[in-house]
Number of protein chains: 4
Amino acid sequence: MDHYQPDKTDLFTFGLWTVGNVGRDPFGEAVRRRLTPSEIVQKLAQLGAYGVNLHDNDLVPIGAPLKERDRIVAEFRAVLDETGMKVAMASSNLFFHPVFKDGAFTANDPKVRAFAFQKTLAAIDLAVELGAATFVFWGGREGAETDACRDPREALKRLRAAVDFFCEYALEQRYPLRFALEAKPNEPRGDIYLATTGHMLHFIETLAHPEMVGVNPEVAHETMAGLSFVHAVAQAMEAGKLFHVDLNAQRIGRFDQDLRFGSEDLKQAFLLVRLLEGTAGGERYSGPRHFDAHAYRTEDEAGVWEFARGCMRTYKMLAERARAFDADPEVRGLLAEQLDPALEPLLSGYTREKAGRLRALALDPDELSARGLCYERLDQLLVEFLLGVRS
Amino acid sequence: MDHYQPDKTDLFTFGLWTVGNVGRDPFGEAVRRRLTPSEIVQKLAQLGAYGVNLHDNDLVPIGAPLKERDRIVAEFRAVLDETGMKVAMASSNLFFHPVFKDGAFTANDPKVRAFAFQKTLAAIDLAVELGAATFVFWGGREGAETDACRDPREALKRLRAAVDFFCEYALEQRYPLRFALEAKPNEPRGDIYLATTGHMLHFIETLAHPEMVGVNPEVAHETMAGLSFVHAVAQAMEAGKLFHVDLNAQRIGRFDQDLRFGSEDLKQAFLLVRLLEGTAGGERYSGPRHFDAHAYRTEDEAGVWEFARGCMRTYKMLAERARAFDADPEVRGLLAEQLDPALEPLLSGYTREKAGRLRALALDPDELSARGLCYERLDQLLVEFLLGVRS
Amino acid sequence: MDHYQPDKTDLFTFGLWTVGNVGRDPFGEAVRRRLTPSEIVQKLAQLGAYGVNLHDNDLVPIGAPLKERDRIVAEFRAVLDETGMKVAMASSNLFFHPVFKDGAFTANDPKVRAFAFQKTLAAIDLAVELGAATFVFWGGREGAETDACRDPREALKRLRAAVDFFCEYALEQRYPLRFALEAKPNEPRGDIYLATTGHMLHFIETLAHPEMVGVNPEVAHETMAGLSFVHAVAQAMEAGKLFHVDLNAQRIGRFDQDLRFGSEDLKQAFLLVRLLEGTAGGERYSGPRHFDAHAYRTEDEAGVWEFARGCMRTYKMLAERARAFDADPEVRGLLAEQLDPALEPLLSGYTREKAGRLRALALDPDELSARGLCYERLDQLLVEFLLGVRS
Amino acid sequence: MDHYQPDKTDLFTFGLWTVGNVGRDPFGEAVRRRLTPSEIVQKLAQLGAYGVNLHDNDLVPIGAPLKERDRIVAEFRAVLDETGMKVAMASSNLFFHPVFKDGAFTANDPKVRAFAFQKTLAAIDLAVELGAATFVFWGGREGAETDACRDPREALKRLRAAVDFFCEYALEQRYPLRFALEAKPNEPRGDIYLATTGHMLHFIETLAHPEMVGVNPEVAHETMAGLSFVHAVAQAMEAGKLFHVDLNAQRIGRFDQDLRFGSEDLKQAFLLVRLLEGTAGGERYSGPRHFDAHAYRTEDEAGVWEFARGCMRTYKMLAERARAFDADPEVRGLLAEQLDPALEPLLSGYTREKAGRLRALALDPDELSARGLCYERLDQLLVEFLLGVRS
């Protein structure tokens with residue numbers, strides 16, 4: 001009896017495009033056949049997943065006649081019902097077709113923007129029809145290779161107009177839907193607008209309906225730029241904006257690798273799971289744990305399912321280690337918040353009197369510097385809990 | 001008569017710590033003597049600068065008695081008056097003393113936080129006394145090597161309490177001061193909280209007085225992470241939050257180099273100057289052009305002044321090229337906005353009727369894809385204007 | 001009369017796969033039709049190029065029957081003859097077909113290695129038949145995502161066996177062919193063996209026929225890892241191993257961009273052209289200047305030819321600027337080698353007597369440190385020559 | 001009884017400068033007092049280390065009179081003898097004093113080069129006197145910020161003249177000493193010559209006495225550039241050139257962090273230990289395991305020793321996990337080399353007959369592509385052994 005075996009209560013989801021990835025890359029052709037959505041749902045259900053996510057065109061081909069579209073959707077719903085799998089999140093693919101070569105909502109050609117609007121309206125309808133609670137915008141082509149082509153401020157205005165439009169559409173339709181914006185610094189464009197989760201969080205504050213819109217941070221996207229993914233997720237959580245999360249693995253400073261969760265940088269993966277699971281205190285993330293990753297190109301179909309199994313197992317192993325770490329008395333001792341009842345009240349909520357008392361404090365910086373902080377010990381404990389040497 | 005010779009109307013400023021940098025690095029000792037603030041102000045005035053910026057301890061040593069502090073400040077004001085130089089921006093050094101080894105406003109030790117508050121109150125007073133319009137917060141040590149040491153959400157709360165406190169202090173004192181927050185992804189800490197200008201812009205929206213607080217983006221800091229500095233500055237400008245700017249040069253993925261402005265990545269430097277000067281349209285940045293850079297460690301004092309001259313000259317050369325580029329008829333033709341009177345109104349301001357009209361549009365994505373966008377031509381023109389082959 | 005108009009004496013070449021690139025990327029489909037080899041050769045000839053380069057399958061489809069292959073080759077030769085264009089370099093595509101998903105010469109499956117040998121023998125014959133002087137090996141798939149899969153030392157042994165095999169084949173056939181190895185740090189594999197030009201140069205020294213084998217460094221590949229491309233090329237030149245060169249542009253820490261030459265990092269491009277052209281002294285590189293780049297995905301066919309024109313023009317502009325810089329009296333003064341007739345002989349060619357004299361020298365490091373090196377001035381001059389402000 | 005407790009047979013060494021690091025960085029002052037060499041040796045002996053390494057000036061101040069030097073050395077030897085500690089490696093500090101601001105052996109000023117020769121001769125004598133088997137050259141300042149200052153080929157020639165000189169000195173003196181060259185891509189210089197272990201390995205082949213010279217790769221230095229450290233070490237081992245190794249941890253694309261071994265990227269650390277310990281077969285590295293790292297700046301002296309303890313413990317934990325992984329039957333099954341008795345002989349040792357047989361083989365690439373390689377399963381097993389879930 002393996003206690004890393006996932007079940008639906010773990011809320012693990014996979015995009016249809018993840019386990020469905022055929023292994024095509026810039027230097028090579030597909031190595032695997034395309035699995036049908038039904039095959040994916042059935043197999044993931046067996047493996048213990050909670051649900052799937054999809055782009056419109058993962059299910060319905062671009063330009064499919066309405067009848068064909070309805071038939072596909074009905075068949076897909078049947079498989080969902082049969083397996084008890086959910087569609088947790090949906091999106092519109094605004095990057096694959098050549099029409100989006102200069103972006104979708106930020107494209108210089110208004111006809112291209114209009115086509116992106118049209119496609120997104122239909123994708124939102126599909127999302128709601130399939131019961132998705134979250135609709136993600138990943139503007140993979142909203143960027144530039146030469147910044148001479150467009151004032152980046154104009155790009156922001158166009159993006160804002162689009163997101164505002166869809167918020168109001170959803171409101172009018174009384175759709176039970178939240179929107180989540182996903183940032184990426186570059187690739188496939190030279191630079192993509194709103195490069196990180198931080199930039200996105202700010203952009204959301206400039207929208208007409210900020211309360212409807214949050215972020216969908218992705219491990220690989222922040223990590224490509226060498227930024228702390230844990231800090232980005234923490235900022236989103238503190239702001240109540242972590243609407244969805246994309247889990248995978250990535251090495252810094254590289255092409256978008258979308259590797260199996262936990263297969264790179266186990267320490268950051270541990271810190272992330274610890275944050276999401278709230279083992280150190282603070283809010284626990286209650287949404288789906290989405291693996292936006294794909295199997296190595298060396299794999300056949302059996303390898304794809306090993307990959308999916310590995311994502312979920314490693315998450316559960318890390319959660320177990322995080323709980324043990326945060327329950328350990330030595331760790332708790334090292335992490336105990338230093339409180340100074342005389343000082344704390346001075347350090348927030350300005351008054352003239354507080355400022356006066358702060359100025360009057362006799363604080364010797366040289367003396368304050370002398371104390372060691374035991375962070376080497378703390379971090380070594382983290383490593384030893386992670387490796388299971390201590391438990 | 002060299003038309004790249006700067007004068008005060010160019011609003012060029014240098015930090016005292018920039019031309020005053022002694023060439024100390026992690027692997028070597030100082031190579032140059034420390035210049036006095038007076039020497040720096042006098043020489044920069046001769047070179048055509050508008051003013052200087054400073055940290056409290058660039059002028060007044062930490063722990064200096066009040067009398068000594070007043071004498072130093074009075075002497076410094078005298079030199080400013082004599083030369084007509086301004087103090088444009090001031091800051092508090094919250095990173096150099098060992099007391100800040102675990103951060104200042106986010107340090108786990110409340111006494112360290114209290115000392116940082118104390119020091120900052122005094123630095124704000126000094127800033128106002130010297131006539132600075134902007135007070136910058138660069139939290140160089142607000143970060144961690146091991147994220148086990150502190151919940152990053154707690155760090156944000158502490159930072160917010162601090163900035164709110166100083167805003168209210170300034171309001172109460174009726175100080176004519178704005179605050180500008182400066183982001184950096186890492187170095188000297190493993191990871192610094194609020195890693196980019198995007199993260200900072202969002203954080204500002206969560207403050208008690210967001211209208212008083214903007215950003216101070218720095219070329220080197222965004223570039224270290226490989227992010228587009230032009231996009232970051234544009235986002236800040238679009239939000240009315242570009243309160244100050246730090247100009248220098250940097251290679252991606254390296255230690256903080258703070259190189260002479262324009263000495264790396266001339267194309268990005270061109271695009272930045274173009275944006276700040278508004279040569280392509282849009283708002284022009286009206287604040288000081290601050291060079292937060294230092295001379296190579298191979299230089300003696302003469303080399304330092306060559307460095308300062310070079311920063312200013314290159315800015316002026318790039319501004320000239322940007323004006324020529326944006327005035328060129330071919331460039332203007334390529335950049336002419338594509339307007340479609342029938343479509344534009346549909347792409348913002350949702351109504352049910354607009355959604356209906358959008359859905360009904362006959363748009364063939366394959367047909368729309370066929371058009372080439374001439375961006376190779378546009379970018380080559382940019383290169384040729386930059387190189388002065390075309391003018 | 002534009003003196004940046006290229007002609008055959010400039011030795012500019014393009015791969016068939018470069019201007020022939022259809023704009024497919026990991027997130028999108030092809031945006032341009034595939035040009036025929038004949039179309040490419042004819043158009044490049046008009047633009048002033050010297051020749052083309054090719055992979056076997058750029059010309060002959062994999063698995064083409066001999067008769068078909070011969071017909072294709074004959075037609076291609078006819079176009080070459082008609083236009084006076086040369087095939088300067090050829091290669092074997094060992095990465096695109098799924099068979100190479102685990103590498104070619106380093107694959108764990110000996111049958112895959114055998115297929116790679118078979119294909120390469122045929123590609124070498126084709127190269128010679130078309131008059132190519134250089135045959136390039138780019139082992140784009142010779143790497144791993146998980147290093148558990150193969151001892152990297154075993155991978156080197158397999159690569160060595162392969163290159164030795166082909167050297168001996170070429171010797172036996174008396175083929176007038178040199179081999180050039182091309183390094184890349186990662187993409188499409190997680191890590192590629194022999195990641196840089198430095199690693200390749202060392203590997204060559206371990207071959208059975210090192211004299212037949214040199215390197216083909218590529219701007220983008222060293223730059224992805226943030227390494228100095230100029231230093232890599234200089235090391236190869238100093239060792240007599242610069243057999244070919246791949247020119248393009250790239251930003252550090254990103255996916256392989258293969259941008260138009262000179263469109264990023266103009267300073268490094270200037271320093272590279274200066275080195276290749278020998279304007280500062282030293283050997284001049286006499287081989288073809290190959291542009292291994294492709295047009296932005298936003299472009300149609302006209303944009304592709306703008307791209308090709310731009311590569312060549314920018315190279316010629318930079319060469320002009322390099323000549324001016326190195327002829328300038330002030331620059332020459334700053335760069336004049338410091339010679340000390342008493343010291344120079346002591347600093348090479350050990351003898352006991354020299355060691356004794358060195359030990360006896362009275363050298364005061366503090367005194368020696370005082371001298372400034374004027375590198376800020378020198379670098380600013382470089383910028384001003386590059387921008388054409390000084391000429 | 002903790003089986004991760006190190007002892008002398010583990011051959012763990014620390015540089016005097018590592019545990020002796022005072023926590024000075026570009027943005028802050030020292031936070032810890034300087035430990036004496038004796039204190040360091042005594043404490044490390046207690047912790048189970050085998051020995052120490054040193055730069056000349058870690059022990060003897062620059063310019064110390066001979067008598068003073070001899071006294072210091074004698075005292076140091078006494079502590080070594082008393083504790084049974086060894087000096088495994090020594091070096092010359094050619095970077096800290098301002099005299100080396102433009103490099104040492106590559107400096108443009110011949111007097112600076114002469115001073116570097118003088119200092120190195122004395123450092124080599126000291127190394128031998130202390131019984132060091134290896135002398136390391138780390139040319140931290142051998143580089144440039146502006147490549148206009150020096151032809152990089154000239155820099156290589158100067159470096160070669162220096163290393164050749166010292167090889168011949170050692171030969172003449174019959175010193176039982178090997179030299180090891182250490183590469184770093186940048187910092188403190190903009191770019192450092194011979195940027196990676198690969199470049200160094202090639203440079204060694206161009207020396208007069210390549211057999212005396214190997215490499216000293218450092219985790220942090222290859223990792224800064226995002227290169228595979230495991231591949232670099234493997235290439236050095238395969239060439240018989242791994243003379244020494246510097247163990248620490250680092251995040252990609254950052255300033256030189258020199259973190260506690262194993263505190264970042266545990267998977268690469270695992271793969272490295274596996275390679276050094278030879279648990280998967282192949283040669284085992286028999287030299288000292290040197291930790292070239294330092295404690296976080298947040299630490300006091302107690303934290304420094306936690307840091308040292310952690311480096312050694314984590315190495316031993318990883319070695320244990322590597323042995324278990326490589327002994328596991330499932331892993332061995334997945335890694336079993338695929339041999340094909342009919343093919344193997346064709347894939348090395350060219351003959352005309354072999355080429356003929358290769359060409360005649362009926363190999364269908366589509367068929368060969370179908371096989372999955374089980375690398376997801378293999379890598380997941382690696383993760384599970386690393387985390388101690390499987391053992």
# chains A, B, ... in the order shown; residues from 1 in each chain; ligands from 1
>>> interface_residues(of="chain B", to="chain A", cutoff="6 Å", atoms="only C-alpha atoms", output="PyMOL selection string")
chain B and resi 98-99+118+153+161+165+198-199+201-202+225+234+238+348+350+358-359+365+368-369
>>> write_last_selection(atoms="all heavy atoms", output="compact mmCIF listing (two decimals), in the first residue's frame")
# COMPACT_ATOMS: atom_id res chain seq x y z
N PRO B 98 26.62 45.78 8.89
CA PRO B 98 26.28 44.39 9.23
C PRO B 98 24.94 44.23 9.93
O PRO B 98 24.35 43.15 9.88
CB PRO B 98 27.42 43.95 10.16
CG PRO B 98 28.58 44.82 9.79
CD PRO B 98 28.00 46.13 9.32
N VAL B 99 24.46 45.29 10.55
CA VAL B 99 23.16 45.16 11.23
C VAL B 99 22.06 44.74 10.26
O VAL B 99 21.08 44.13 10.65
CB VAL B 99 22.79 46.50 11.93
CG1 VAL B 99 22.40 47.57 10.93
CG2 VAL B 99 21.68 46.27 12.96
N GLN B 118 14.23 54.14 12.40
CA GLN B 118 14.92 55.29 13.00
C GLN B 118 15.82 55.99 11.96
O GLN B 118 15.76 57.19 11.76
CB GLN B 118 15.78 54.73 14.13
CG GLN B 118 16.15 55.66 15.20
CD GLN B 118 16.97 54.93 16.28
OE1 GLN B 118 18.02 54.37 15.97
NE2 GLN B 118 16.49 54.96 17.51
N ARG B 153 5.19 36.01 2.59
CA ARG B 153 4.02 36.87 2.79
C ARG B 153 4.22 37.78 4.00
O ARG B 153 3.80 38.93 4.00
CB ARG B 153 2.75 36.00 2.96
CG ARG B 153 2.39 35.28 1.67
CD ARG B 153 1.33 34.21 1.90
NE ARG B 153 1.88 33.12 2.72
CZ ARG B 153 1.23 31.98 2.96
NH1 ARG B 153 0.02 31.77 2.42
NH2 ARG B 153 1.78 31.03 3.69
N ALA B 161 4.01 47.75 6.00
CA ALA B 161 3.90 48.54 7.23
C ALA B 161 4.93 49.68 7.23
O ALA B 161 4.64 50.81 7.63
CB ALA B 161 4.09 47.64 8.44
N PHE B 165 4.07 53.68 6.90
CA PHE B 165 4.52 54.52 8.01
C PHE B 165 5.20 55.79 7.48
O PHE B 165 4.91 56.91 7.92
CB PHE B 165 5.49 53.69 8.86
CG PHE B 165 5.81 54.27 10.20
CD1 PHE B 165 5.18 53.81 11.35
CD2 PHE B 165 6.79 55.25 10.34
CE1 PHE B 165 5.50 54.33 12.61
CE2 PHE B 165 7.12 55.78 11.58
CZ PHE B 165 6.47 55.32 12.72
N GLY B 198 7.70 45.09 -12.07
CA GLY B 198 6.32 44.62 -12.11
C GLY B 198 5.81 44.27 -10.72
O GLY B 198 4.71 44.68 -10.31
N HIS B 199 6.60 43.50 -9.97
CA HIS B 199 6.21 43.13 -8.61
C HIS B 199 6.04 44.38 -7.75
O HIS B 199 5.13 44.46 -6.92
CB HIS B 199 7.27 42.21 -7.99
CG HIS B 199 7.43 40.89 -8.68
ND1 HIS B 199 8.11 40.75 -9.87
CD2 HIS B 199 6.99 39.64 -8.37
CE1 HIS B 199 8.08 39.48 -10.24
NE2 HIS B 199 7.42 38.78 -9.36
N LEU B 201 5.27 47.46 -8.77
CA LEU B 201 4.08 48.20 -9.18
C LEU B 201 2.83 47.61 -8.52
O LEU B 201 1.93 48.33 -8.11
CB LEU B 201 3.94 48.20 -10.71
CG LEU B 201 4.90 49.12 -11.45
CD1 LEU B 201 4.90 48.81 -12.95
CD2 LEU B 201 4.55 50.60 -11.22
N HIS B 202 2.79 46.29 -8.45
CA HIS B 202 1.65 45.67 -7.78
C HIS B 202 1.65 45.98 -6.29
O HIS B 202 0.61 46.34 -5.71
CB HIS B 202 1.64 44.16 -7.99
CG HIS B 202 0.61 43.47 -7.15
ND1 HIS B 202 0.94 42.66 -6.08
CD2 HIS B 202 -0.75 43.52 -7.17
CE1 HIS B 202 -0.18 42.24 -5.51
NE2 HIS B 202 -1.20 42.73 -6.14
N ALA B 225 17.99 39.73 -14.94
CA ALA B 225 17.03 38.63 -15.09
C ALA B 225 16.61 38.43 -16.54
O ALA B 225 15.74 37.61 -16.83
CB ALA B 225 15.80 38.89 -14.22
N ALA B 234 7.81 51.16 -19.66
CA ALA B 234 6.55 51.51 -20.32
C ALA B 234 5.35 51.22 -19.42
O ALA B 234 4.42 52.02 -19.34
CB ALA B 234 6.42 50.73 -21.64
N GLU B 238 2.80 54.05 -18.22
CA GLU B 238 1.37 53.96 -18.54
C GLU B 238 0.54 54.10 -17.27
O GLU B 238 -0.58 54.60 -17.31
CB GLU B 238 1.08 52.62 -19.24
CG GLU B 238 -0.08 52.64 -20.20
CD GLU B 238 -1.28 51.83 -19.74
OE1 GLU B 238 -1.14 51.05 -18.78
OE2 GLU B 238 -2.37 51.97 -20.34
N SER B 348 -13.52 47.26 -27.77
CA SER B 348 -13.44 47.73 -26.38
C SER B 348 -14.84 48.15 -25.96
O SER B 348 -15.69 48.46 -26.80
CB SER B 348 -12.45 48.88 -26.22
OG SER B 348 -12.86 49.98 -26.99
N TYR B 350 -17.49 46.50 -23.80
CA TYR B 350 -18.43 45.42 -24.08
C TYR B 350 -19.88 45.88 -24.09
O TYR B 350 -20.32 46.61 -23.20
CB TYR B 350 -18.30 44.31 -23.03
CG TYR B 350 -19.32 43.22 -23.21
CD1 TYR B 350 -19.12 42.22 -24.13
CD2 TYR B 350 -20.51 43.22 -22.47
CE1 TYR B 350 -20.07 41.23 -24.33
CE2 TYR B 350 -21.46 42.23 -22.66
CZ TYR B 350 -21.24 41.24 -23.59
OH TYR B 350 -22.18 40.27 -23.79
N LEU B 358 -19.36 40.89 -33.32
CA LEU B 358 -18.05 40.23 -33.41
C LEU B 358 -18.21 38.77 -33.84
O LEU B 358 -17.49 38.28 -34.72
CB LEU B 358 -17.34 40.26 -32.05
CG LEU B 358 -16.48 41.48 -31.78
CD1 LEU B 358 -16.13 41.58 -30.30
CD2 LEU B 358 -15.19 41.42 -32.62
N ARG B 359 -19.14 38.09 -33.22
CA ARG B 359 -19.36 36.67 -33.56
C ARG B 359 -19.77 36.51 -35.01
O ARG B 359 -19.48 35.48 -35.64
CB ARG B 359 -20.46 36.09 -32.69
CG ARG B 359 -20.05 35.87 -31.24
CD ARG B 359 -21.17 35.07 -30.55
NE ARG B 359 -21.18 35.19 -29.11
CZ ARG B 359 -20.70 34.26 -28.29
NH1 ARG B 359 -20.14 33.16 -28.76
NH2 ARG B 359 -20.77 34.42 -26.98
N PRO B 365 -8.98 33.10 -40.84
CA PRO B 365 -7.64 33.20 -40.26
C PRO B 365 -6.52 32.89 -41.26
O PRO B 365 -5.45 33.51 -41.19
CB PRO B 365 -7.67 32.20 -39.10
CG PRO B 365 -8.83 31.29 -39.36
CD PRO B 365 -9.81 32.10 -40.16
N LEU B 368 -5.98 35.98 -43.24
CA LEU B 368 -5.37 37.05 -42.43
C LEU B 368 -3.89 36.79 -42.16
O LEU B 368 -3.12 37.71 -41.93
CB LEU B 368 -6.09 37.17 -41.08
CG LEU B 368 -7.50 37.75 -41.10
CD1 LEU B 368 -8.12 37.67 -39.70
CD2 LEU B 368 -7.45 39.21 -41.56
N SER B 369 -3.51 35.51 -42.18
CA SER B 369 -2.12 35.17 -41.86
C SER B 369 -1.15 35.53 -42.96
O SER B 369 0.06 35.59 -42.74
CB SER B 369 -2.00 33.64 -41.66
OG SER B 369 -2.99 33.15 -40.82
>>> select_by_dssp(residues="segment 20-100 of chain A", states="alpha helix (DSSP H)", output="PyMOL selection string")
chain A and resi 37-47+56-59+66-83
>>> residues_around(residues="segment 7-14 of chain D", least_positions_apart="2", cutoff="7 Å", atoms="only C-alpha atoms", output="MDAnalysis selection string")
chainID D and resid 5 16 18 48:53 288:292
>>> write_last_selection(atoms="all heavy atoms", output="short mmCIF file (atom, residue, chain, number, x, y, z; two decimals), in the first residue's frame")
data_model
loop_
_atom_site.label_atom_id
_atom_site.label_comp_id
_atom_site.auth_asym_id
_atom_site.auth_seq_id
_atom_site.Cartn_x
_atom_site.Cartn_y
_atom_site.Cartn_z
N GLN D 5 28.84 10.95 9.65
CA GLN D 5 29.95 11.64 10.32
C GLN D 5 31.23 11.43 9.49
O GLN D 5 31.65 10.31 9.24
CB GLN D 5 30.11 11.03 11.72
CG GLN D 5 31.35 11.44 12.48
CD GLN D 5 31.38 12.93 12.77
OE1 GLN D 5 30.35 13.57 12.95
NE2 GLN D 5 32.58 13.51 12.76
N LEU D 16 41.29 27.77 3.49
CA LEU D 16 41.32 28.68 4.65
C LEU D 16 40.36 29.85 4.42
O LEU D 16 39.79 30.39 5.36
CB LEU D 16 42.74 29.22 4.88
CG LEU D 16 43.80 28.24 5.37
CD1 LEU D 16 45.11 28.98 5.62
CD2 LEU D 16 43.34 27.51 6.64
N THR D 18 37.54 29.80 3.01
CA THR D 18 36.13 29.41 2.93
C THR D 18 35.47 29.53 4.31
O THR D 18 34.60 30.38 4.52
CB THR D 18 35.98 27.98 2.37
OG1 THR D 18 36.61 27.05 3.27
CG2 THR D 18 36.61 27.86 1.00
N GLY D 48 36.28 16.42 11.40
CA GLY D 48 36.50 15.23 10.59
C GLY D 48 37.09 15.49 9.22
O GLY D 48 37.13 14.59 8.37
N ALA D 49 37.58 16.71 8.97
CA ALA D 49 38.17 17.01 7.66
C ALA D 49 39.54 16.37 7.53
O ALA D 49 40.19 16.01 8.52
CB ALA D 49 38.26 18.52 7.46
N TYR D 50 39.97 16.25 6.30
CA TYR D 50 41.29 15.68 5.99
C TYR D 50 42.37 16.75 5.92
O TYR D 50 43.51 16.51 6.29
CB TYR D 50 41.17 14.97 4.65
CG TYR D 50 42.49 14.60 3.99
CD1 TYR D 50 43.20 13.47 4.40
CD2 TYR D 50 43.01 15.38 2.95
CE1 TYR D 50 44.40 13.13 3.79
CE2 TYR D 50 44.21 15.04 2.33
CZ TYR D 50 44.90 13.92 2.76
OH TYR D 50 46.09 13.58 2.15
N GLY D 51 42.01 17.92 5.43
CA GLY D 51 43.05 18.93 5.30
C GLY D 51 42.49 20.28 4.88
O GLY D 51 41.28 20.50 4.85
N VAL D 52 43.41 21.17 4.59
CA VAL D 52 43.05 22.53 4.17
C VAL D 52 43.79 22.91 2.89
O VAL D 52 44.80 22.30 2.55
CB VAL D 52 43.36 23.59 5.25
CG1 VAL D 52 42.47 23.42 6.47
CG2 VAL D 52 44.83 23.57 5.63
N ASN D 53 43.29 23.92 2.24
CA ASN D 53 43.93 24.52 1.07
C ASN D 53 44.13 25.99 1.34
O ASN D 53 43.46 26.57 2.19
CB ASN D 53 43.04 24.34 -0.15
CG ASN D 53 42.71 22.88 -0.40
OD1 ASN D 53 43.54 22.01 -0.19
ND2 ASN D 53 41.47 22.61 -0.82
N PRO D 288 41.28 14.91 -3.25
CA PRO D 288 40.50 15.53 -2.17
C PRO D 288 39.17 16.08 -2.68
O PRO D 288 39.04 16.51 -3.82
CB PRO D 288 41.40 16.68 -1.70
CG PRO D 288 42.41 16.90 -2.77
CD PRO D 288 42.54 15.63 -3.53
N ARG D 289 38.18 16.02 -1.80
CA ARG D 289 36.86 16.63 -2.06
C ARG D 289 36.90 18.00 -1.38
O ARG D 289 36.71 18.08 -0.16
CB ARG D 289 35.76 15.78 -1.43
CG ARG D 289 35.24 14.63 -2.29
CD ARG D 289 36.16 13.46 -2.36
NE ARG D 289 35.58 12.34 -3.10
CZ ARG D 289 36.31 11.46 -3.77
NH1 ARG D 289 37.63 11.53 -3.82
NH2 ARG D 289 35.70 10.46 -4.41
N HIS D 290 37.16 19.01 -2.17
CA HIS D 290 37.37 20.35 -1.61
C HIS D 290 36.08 21.16 -1.63
O HIS D 290 35.49 21.34 -2.68
CB HIS D 290 38.45 21.09 -2.41
CG HIS D 290 38.62 22.52 -2.00
ND1 HIS D 290 38.72 23.54 -2.89
CD2 HIS D 290 38.69 23.07 -0.76
CE1 HIS D 290 38.86 24.68 -2.22
NE2 HIS D 290 38.84 24.43 -0.95
N PHE D 291 35.71 21.70 -0.48
CA PHE D 291 34.53 22.57 -0.42
C PHE D 291 34.97 24.03 -0.54
O PHE D 291 35.54 24.58 0.40
CB PHE D 291 33.75 22.32 0.88
CG PHE D 291 33.24 20.92 0.96
CD1 PHE D 291 33.80 19.99 1.82
CD2 PHE D 291 32.20 20.50 0.13
CE1 PHE D 291 33.34 18.69 1.87
CE2 PHE D 291 31.72 19.20 0.17
CZ PHE D 291 32.30 18.28 1.04
N ASP D 292 34.75 24.59 -1.70
CA ASP D 292 35.13 25.99 -1.94
C ASP D 292 33.86 26.84 -1.81
O ASP D 292 33.30 27.30 -2.79
CB ASP D 292 35.75 26.14 -3.33
CG ASP D 292 36.31 27.54 -3.53
OD1 ASP D 292 36.31 28.34 -2.57
OD2 ASP D 292 36.75 27.84 -4.66
#
>>> atom_distance(atom1="atom CA of Gly139 of chain D", atom2="atom CA of Glu187 of chain D")
10.9 Å
>>> residues_around(residues="Trp138 of chain C", least_positions_apart="2", cutoff="7 Å", atoms="only C-alpha atoms", output="PyMOL selection string")
chain C and resi 136+140+181-183
>>> closest_residue(among="B:Leu47, B:Ala78, B:Val19, B:Val213", to="Arg32 of chain B", atoms="only C-alpha atoms")
B:Val19
